[in-house]
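Peer 1: Right, I'll just put the structure down here and ask away after.
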Amino acid sequence: GGGAETPPAGWKPDYPNILVTGTPAAGKTTLARKLANMKNGYVHVDVAMMVKRFNYSAGKDIDWDCLIMDEACENAIIDQIEPLMKYGGMIIDYHTCDFFPERWFQNIVVLRTNTSSLYPRLVNRSYEKRKIDENIECEIFDVVKDAANENYKTANIVELYNNDLFELEANAKRLHRWMQKQNVTRNNTAMEFITSRLEKPAIAAAHINRTIKDPRGIGDLTYYKHICADHMSTDDEINPRELARKIKEVEANQTSGFGAGNES
């Protein structure tokens with residue numbers, strides 16, 4: 001609950017909203033959490049967690065070991081999130097994107113992963129072979145990318161590869177540069193409404209106004225090793241200078257889409 005009303009059709013958010021989507025295990029939640037931690041004012045909403053917490057499903061498909069989502073479930077998600085989107089500065093992460101209203105998002109991030117990186121992440125999630133094969137095929141045949149192109153303006157979509165910690169950090173820094181230009185500010189009333197709508201503390205509290213201590217400016221390796229454990233393959237030791245060098249290499253190859261280089 002809260003004091004705000006559902007925005008009228010055709011509204012525009014006070015600040016840009018970001019959608020992070022991609023095949024399961026592409027690193028969506030990891031990146032979205034990192035972005036929310038890097039920029040106070042932005043709020044991360046993990047839709048998969050919301051579905052589980054509020055039981056927004058029509059049961060479970062035993063054969064495929066996944067929740068069944070129908071139109072009523074999708075409408076329930078939209079009803080809960082819609083009042084928040086008007087405030088802007090929301091980072092939504094979910095593996096599908098075709099049922100969200102187009103007006104919600106000004107920027108859509110499609111995370112991609114090479115199958116050689118995606119496969120071990122799916123195995124680490126204890127998925128059955130046919131579920132792993134299905135997700136690998138989705139990545140190979142650009143299922144999520146095509147859905148994004150069909151439902152959102154191409155100019156608002158950026159495709160980023162997220163195969164390892166180097167690319168993860170580069171992606172976060174690139175998007176953060178763009179986010180810094182938006183100057184998202186929140187008054188107490190807005191933040192209280194947002195947190196209450198997301199059922200604090202189970203969903204919202206862990207992602208709002210958290211700061212990762214990063215004196216070297218290259219990312220907290222301990223944090224990454226913990227948060228990426230189930231889908232990021234990492235060595236036990238990562239040399240900070242090597243990480244910084246790799247990040248620069250990845251950033252140098254990012255030349256298009258919002259957040260690239262120094263574009264405004």
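FYI, nothing fancy with the structure tokens labels: chains A, B, ... in order, residues from 1 per chain, ligands from 1 as they appear.
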Can you check which residues of segment 48-79 of chain A DSSP gives as strand (DSSP E or B) on the backbone and send them as number ranges by chain?
Peer 2: A: 60-61, 66-67
Peer 1: Show me, as a tab-separated table, the residues of segment 29-54 of chain A having an atom within 8 Å of segment 89-102 of chain A, each with the closest atom pair and its distance in Å, using only C-alpha atoms.
Peer 2:
residue	atom	partner	partner_atom	distance
A:Thr29	CA	A:Asp93	CA	6.2
A:Ala32	CA	A:Ile91	CA	6.5
A:Ala36	CA	A:Ile91	CA	7.4
A:Gly41	CA	A:Gly89	CA	6.7
A:Tyr42	CA	A:Gly89	CA	4.7
A:Val43	CA	A:Met90	CA	5.0
A:His44	CA	A:Ile91	CA	4.6
A:Val45	CA	A:Ile92	CA	4.9
A:Asp46	CA	A:Asp93	CA	5.4
A:Val47	CA	A:Tyr94	CA	5.7
A:Ala48	CA	A:Tyr94	CA	6.3
Peer 1: Restricting it to N, CA and C atoms, dump the selection as a short mmCIF file (atom, residue, chain, number, x, y, z; two decimals), in the first residue's frame.
Peer 2:
data_model
loop_
_atom_site.label_atom_id
_atom_site.label_comp_id
_atom_site.auth_asym_id
_atom_site.auth_seq_id
_atom_site.Cartn_x
_atom_site.Cartn_y
_atom_site.Cartn_z
N THR A 29 20.43 -10.15 -12.40
CA THR A 29 20.26 -9.69 -11.03
C THR A 29 21.57 -9.15 -10.47
N ALA A 32 22.00 -5.70 -12.04
CA ALA A 32 21.00 -4.76 -11.54
C ALA A 32 21.29 -4.35 -10.10
N ALA A 36 22.20 -0.52 -8.74
CA ALA A 36 21.47 0.13 -7.66
C ALA A 36 22.40 0.52 -6.53
N GLY A 41 19.38 6.40 -5.06
CA GLY A 41 18.18 6.91 -5.72
C GLY A 41 17.58 5.89 -6.67
N TYR A 42 18.43 5.12 -7.35
CA TYR A 42 17.91 4.04 -8.20
C TYR A 42 17.51 2.86 -7.32
N VAL A 43 16.43 2.21 -7.68
CA VAL A 43 15.90 1.09 -6.89
C VAL A 43 15.81 -0.14 -7.78
N HIS A 44 16.34 -1.26 -7.30
CA HIS A 44 16.31 -2.52 -8.03
C HIS A 44 15.08 -3.33 -7.63
N VAL A 45 14.37 -3.85 -8.62
CA VAL A 45 13.24 -4.74 -8.38
C VAL A 45 13.51 -6.06 -9.09
N ASP A 46 13.68 -7.11 -8.30
CA ASP A 46 13.90 -8.46 -8.82
C ASP A 46 12.52 -9.10 -8.99
N VAL A 47 12.03 -9.12 -10.23
CA VAL A 47 10.67 -9.60 -10.48
C VAL A 47 10.54 -11.08 -10.17
N ALA A 48 11.57 -11.87 -10.45
CA ALA A 48 11.50 -13.30 -10.14
C ALA A 48 11.30 -13.52 -8.64
#
Peer 1: Tell me which protein, DNA and RNA residues are within 8 Å of segment 108-114 of chain A, counting only C-alpha atoms, leaving out same-chain ones fewer than 4 positions away, and put them as an MDAnalysis selection string.
Peer 2: chainID A and resid 18:23 26:28 118 139 144:145 148 152 156:163
Peer 1: Any idea what's packed within 10 Å of Asp63 of chain A, counting only C-alpha atoms, ignoring anything in its chain fewer than 4 positions away? Could you give it as number ranges by chain?
Peer 2: A: 128, 130-131
Peer 1: Interatomic distance between atom CA of Arg121 of chain A and atom CA of Asp164 of chain A?
Peer 2: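 Atom-to-atom, atom CA of Arg121 of chain A to atom CA of Asp164 of chain A, that is 11.1 Å.
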Peer 1: Restricting the calculation to only C-alpha atoms, which member of A:Asn107, A:Arg53, A:Leu31, A:Glu74 is positioned closest to Lys153 of chain A?
Peer 2: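 Ranking A:Asn107, A:Arg53, A:Leu31, A:Glu74 by distance to Lys153 of chain A, first place goes to A:Asn107.
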Peer 1: Quick one: pick out all alpha helix (DSSP H) residues within segment 25-220 of chain A from a backbone DSSP run and write them as a ChimeraX atom specification.
Peer 2: /A:28-38,47-53,71-85,115-124,129-140,143-151,165-180,188-197
Peer 1: Please produce a file of those selected residues containing C-alpha atoms, as a PDB file, in the first residue's frame.
Peer 2:
ATOM      1  CA  LYS A  28      20.770  -9.856 -14.781  1.00  0.00           C
ATOM      2  CA  THR A  29      20.256  -9.686 -11.026  1.00  0.00           C
ATOM      3  CA  THR A  30      23.969  -9.336 -10.343  1.00  0.00           C
ATOM      4  CA  LEU A  31      24.243  -6.371 -12.718  1.00  0.00           C
ATOM      5  CA  ALA A  32      20.997  -4.755 -11.538  1.00  0.00           C
ATOM      6  CA  ARG A  33      22.055  -4.998  -7.890  1.00  0.00           C
ATOM      7  CA  LYS A  34      25.433  -3.532  -8.716  1.00  0.00           C
ATOM      8  CA  LEU A  35      23.843  -0.594 -10.530  1.00  0.00           C
ATOM      9  CA  ALA A  36      21.465   0.131  -7.660  1.00  0.00           C
ATOM     10  CA  ASN A  37      24.379  -0.001  -5.221  1.00  0.00           C
ATOM     11  CA  MET A  38      26.472   2.367  -7.337  1.00  0.00           C
ATOM     12  CA  VAL A  47      10.670  -9.596 -10.480  1.00  0.00           C
ATOM     13  CA  ALA A  48      11.502 -13.302 -10.137  1.00  0.00           C
ATOM     14  CA  MET A  49      11.805 -12.816  -6.383  1.00  0.00           C
ATOM     15  CA  MET A  50       8.538 -10.889  -6.364  1.00  0.00           C
ATOM     16  CA  VAL A  51       6.777 -13.727  -8.201  1.00  0.00           C
ATOM     17  CA  LYS A  52       7.902 -16.215  -5.576  1.00  0.00           C
ATOM     18  CA  ARG A  53       7.234 -13.964  -2.587  1.00  0.00           C
ATOM     19  CA  GLU A  71      -2.004 -13.369 -18.080  1.00  0.00           C
ATOM     20  CA  ALA A  72      -3.498 -12.983 -14.606  1.00  0.00           C
ATOM     21  CA  CYS A  73      -0.055 -13.441 -13.038  1.00  0.00           C
ATOM     22  CA  GLU A  74       1.502 -10.925 -15.399  1.00  0.00           C
ATOM     23  CA  ASN A  75      -1.278  -8.433 -14.622  1.00  0.00           C
ATOM     24  CA  ALA A  76      -0.648  -8.869 -10.896  1.00  0.00           C
ATOM     25  CA  ILE A  77       3.024  -7.992 -11.404  1.00  0.00           C
ATOM     26  CA  ILE A  78       2.099  -4.951 -13.491  1.00  0.00           C
ATOM     27  CA  ASP A  79      -0.462  -3.775 -10.921  1.00  0.00           C
ATOM     28  CA  GLN A  80       2.110  -3.892  -8.132  1.00  0.00           C
ATOM     29  CA  ILE A  81       4.931  -2.198 -10.018  1.00  0.00           C
ATOM     30  CA  GLU A  82       2.995   0.359 -12.083  1.00  0.00           C
ATOM     31  CA  PRO A  83       2.676   3.035  -9.344  1.00  0.00           C
ATOM     32  CA  LEU A  84       6.428   2.857  -8.746  1.00  0.00           C
ATOM     33  CA  MET A  85       7.418   3.382 -12.362  1.00  0.00           C
ATOM     34  CA  THR A 115      27.185 -20.697 -24.424  1.00  0.00           C
ATOM     35  CA  SER A 116      30.574 -21.790 -23.070  1.00  0.00           C
ATOM     36  CA  SER A 117      29.999 -19.430 -20.125  1.00  0.00           C
ATOM     37  CA  LEU A 118      26.253 -19.961 -19.840  1.00  0.00           C
ATOM     38  CA  TYR A 119      26.352 -23.762 -19.668  1.00  0.00           C
ATOM     39  CA  PRO A 120      28.316 -24.098 -16.388  1.00  0.00           C
ATOM     40  CA  ARG A 121      26.137 -21.445 -14.750  1.00  0.00           C
ATOM     41  CA  LEU A 122      23.008 -23.410 -15.609  1.00  0.00           C
ATOM     42  CA  VAL A 123      24.630 -26.615 -14.351  1.00  0.00           C
ATOM     43  CA  ASN A 124      25.498 -24.867 -11.088  1.00  0.00           C
ATOM     44  CA  LYS A 129      19.545 -31.403 -18.938  1.00  0.00           C
ATOM     45  CA  ARG A 130      16.541 -30.525 -21.068  1.00  0.00           C
ATOM     46  CA  LYS A 131      16.027 -27.267 -19.150  1.00  0.00           C
ATOM     47  CA  ILE A 132      19.687 -26.447 -19.703  1.00  0.00           C
ATOM     48  CA  ASP A 133      19.347 -27.289 -23.407  1.00  0.00           C
ATOM     49  CA  GLU A 134      16.243 -25.091 -23.695  1.00  0.00           C
ATOM     50  CA  ASN A 135      18.013 -22.083 -22.213  1.00  0.00           C
ATOM     51  CA  ILE A 136      21.099 -22.647 -24.345  1.00  0.00           C
ATOM     52  CA  GLU A 137      18.876 -22.730 -27.438  1.00  0.00           C
ATOM     53  CA  CYS A 138      17.142 -19.530 -26.327  1.00  0.00           C
ATOM     54  CA  GLU A 139      20.515 -17.813 -26.197  1.00  0.00           C
ATOM     55  CA  ILE A 140      21.688 -19.234 -29.520  1.00  0.00           C
ATOM     56  CA  VAL A 143      14.924 -15.285 -28.197  1.00  0.00           C
ATOM     57  CA  VAL A 144      15.182 -12.521 -25.591  1.00  0.00           C
ATOM     58  CA  LYS A 145      16.891 -10.109 -27.973  1.00  0.00           C
ATOM     59  CA  ASP A 146      14.139 -10.594 -30.558  1.00  0.00           C
ATOM     60  CA  ALA A 147      11.437 -10.083 -27.905  1.00  0.00           C
ATOM     61  CA  ALA A 148      13.063  -6.809 -26.866  1.00  0.00           C
ATOM     62  CA  ASN A 149      13.263  -5.598 -30.465  1.00  0.00           C
ATOM     63  CA  GLU A 150       9.613  -6.487 -31.021  1.00  0.00           C
ATOM     64  CA  ASN A 151       8.364  -4.657 -27.939  1.00  0.00           C
ATOM     65  CA  LEU A 165      33.700 -10.493 -13.976  1.00  0.00           C
ATOM     66  CA  PHE A 166      35.639  -8.244 -16.335  1.00  0.00           C
ATOM     67  CA  GLU A 167      32.650  -7.709 -18.605  1.00  0.00           C
ATOM     68  CA  LEU A 168      30.297  -7.441 -15.630  1.00  0.00           C
ATOM     69  CA  GLU A 169      32.345  -4.618 -14.128  1.00  0.00           C
ATOM     70  CA  ALA A 170      32.747  -2.870 -17.488  1.00  0.00           C
ATOM     71  CA  ASN A 171      29.001  -3.085 -18.120  1.00  0.00           C
ATOM     72  CA  ALA A 172      28.244  -1.672 -14.687  1.00  0.00           C
ATOM     73  CA  LYS A 173      30.688   1.218 -15.130  1.00  0.00           C
ATOM     74  CA  ARG A 174      29.328   2.020 -18.574  1.00  0.00           C
ATOM     75  CA  LEU A 175      25.717   2.128 -17.419  1.00  0.00           C
ATOM     76  CA  HIS A 176      26.652   3.969 -14.242  1.00  0.00           C
ATOM     77  CA  ARG A 177      28.219   6.779 -16.273  1.00  0.00           C
ATOM     78  CA  TRP A 178      24.886   7.210 -18.019  1.00  0.00           C
ATOM     79  CA  MET A 179      22.919   6.951 -14.758  1.00  0.00           C
ATOM     80  CA  GLN A 180      25.016   9.681 -13.119  1.00  0.00           C
ATOM     81  CA  ASN A 188      11.152  10.775   1.975  1.00  0.00           C
ATOM     82  CA  THR A 189       7.523  10.344   0.921  1.00  0.00           C
ATOM     83  CA  ALA A 190       8.520   8.834  -2.424  1.00  0.00           C
ATOM     84  CA  MET A 191      11.061   6.467  -0.890  1.00  0.00           C
ATOM     85  CA  GLU A 192       8.660   5.357   1.837  1.00  0.00           C
ATOM     86  CA  PHE A 193       6.025   4.580  -0.763  1.00  0.00           C
ATOM     87  CA  ILE A 194       8.469   2.656  -2.941  1.00  0.00           C
ATOM     88  CA  THR A 195       9.820   0.575  -0.075  1.00  0.00           C
ATOM     89  CA  SER A 196       6.361  -0.187   1.294  1.00  0.00           C
ATOM     90  CA  ARG A 197       5.158  -1.211  -2.152  1.00  0.00           C
TER      91      ARG A 197
END
Peer 1: For atom CA of Asp14 of chain A and atom CA of Gly88 of chain A, quote the distance in Å rounded to one decimal.
Peer 2: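 Those two atoms sit 5.1 Å apart.
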Peer 1: What is the distance, in Å and to one decimal place, between atom CA of Phe105 of chain A and atom CA of Gln182 of chain A?
Peer 2: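 Between atom CA of Phe105 of chain A and atom CA of Gln182 of chain A the gap is 14.1 Å.
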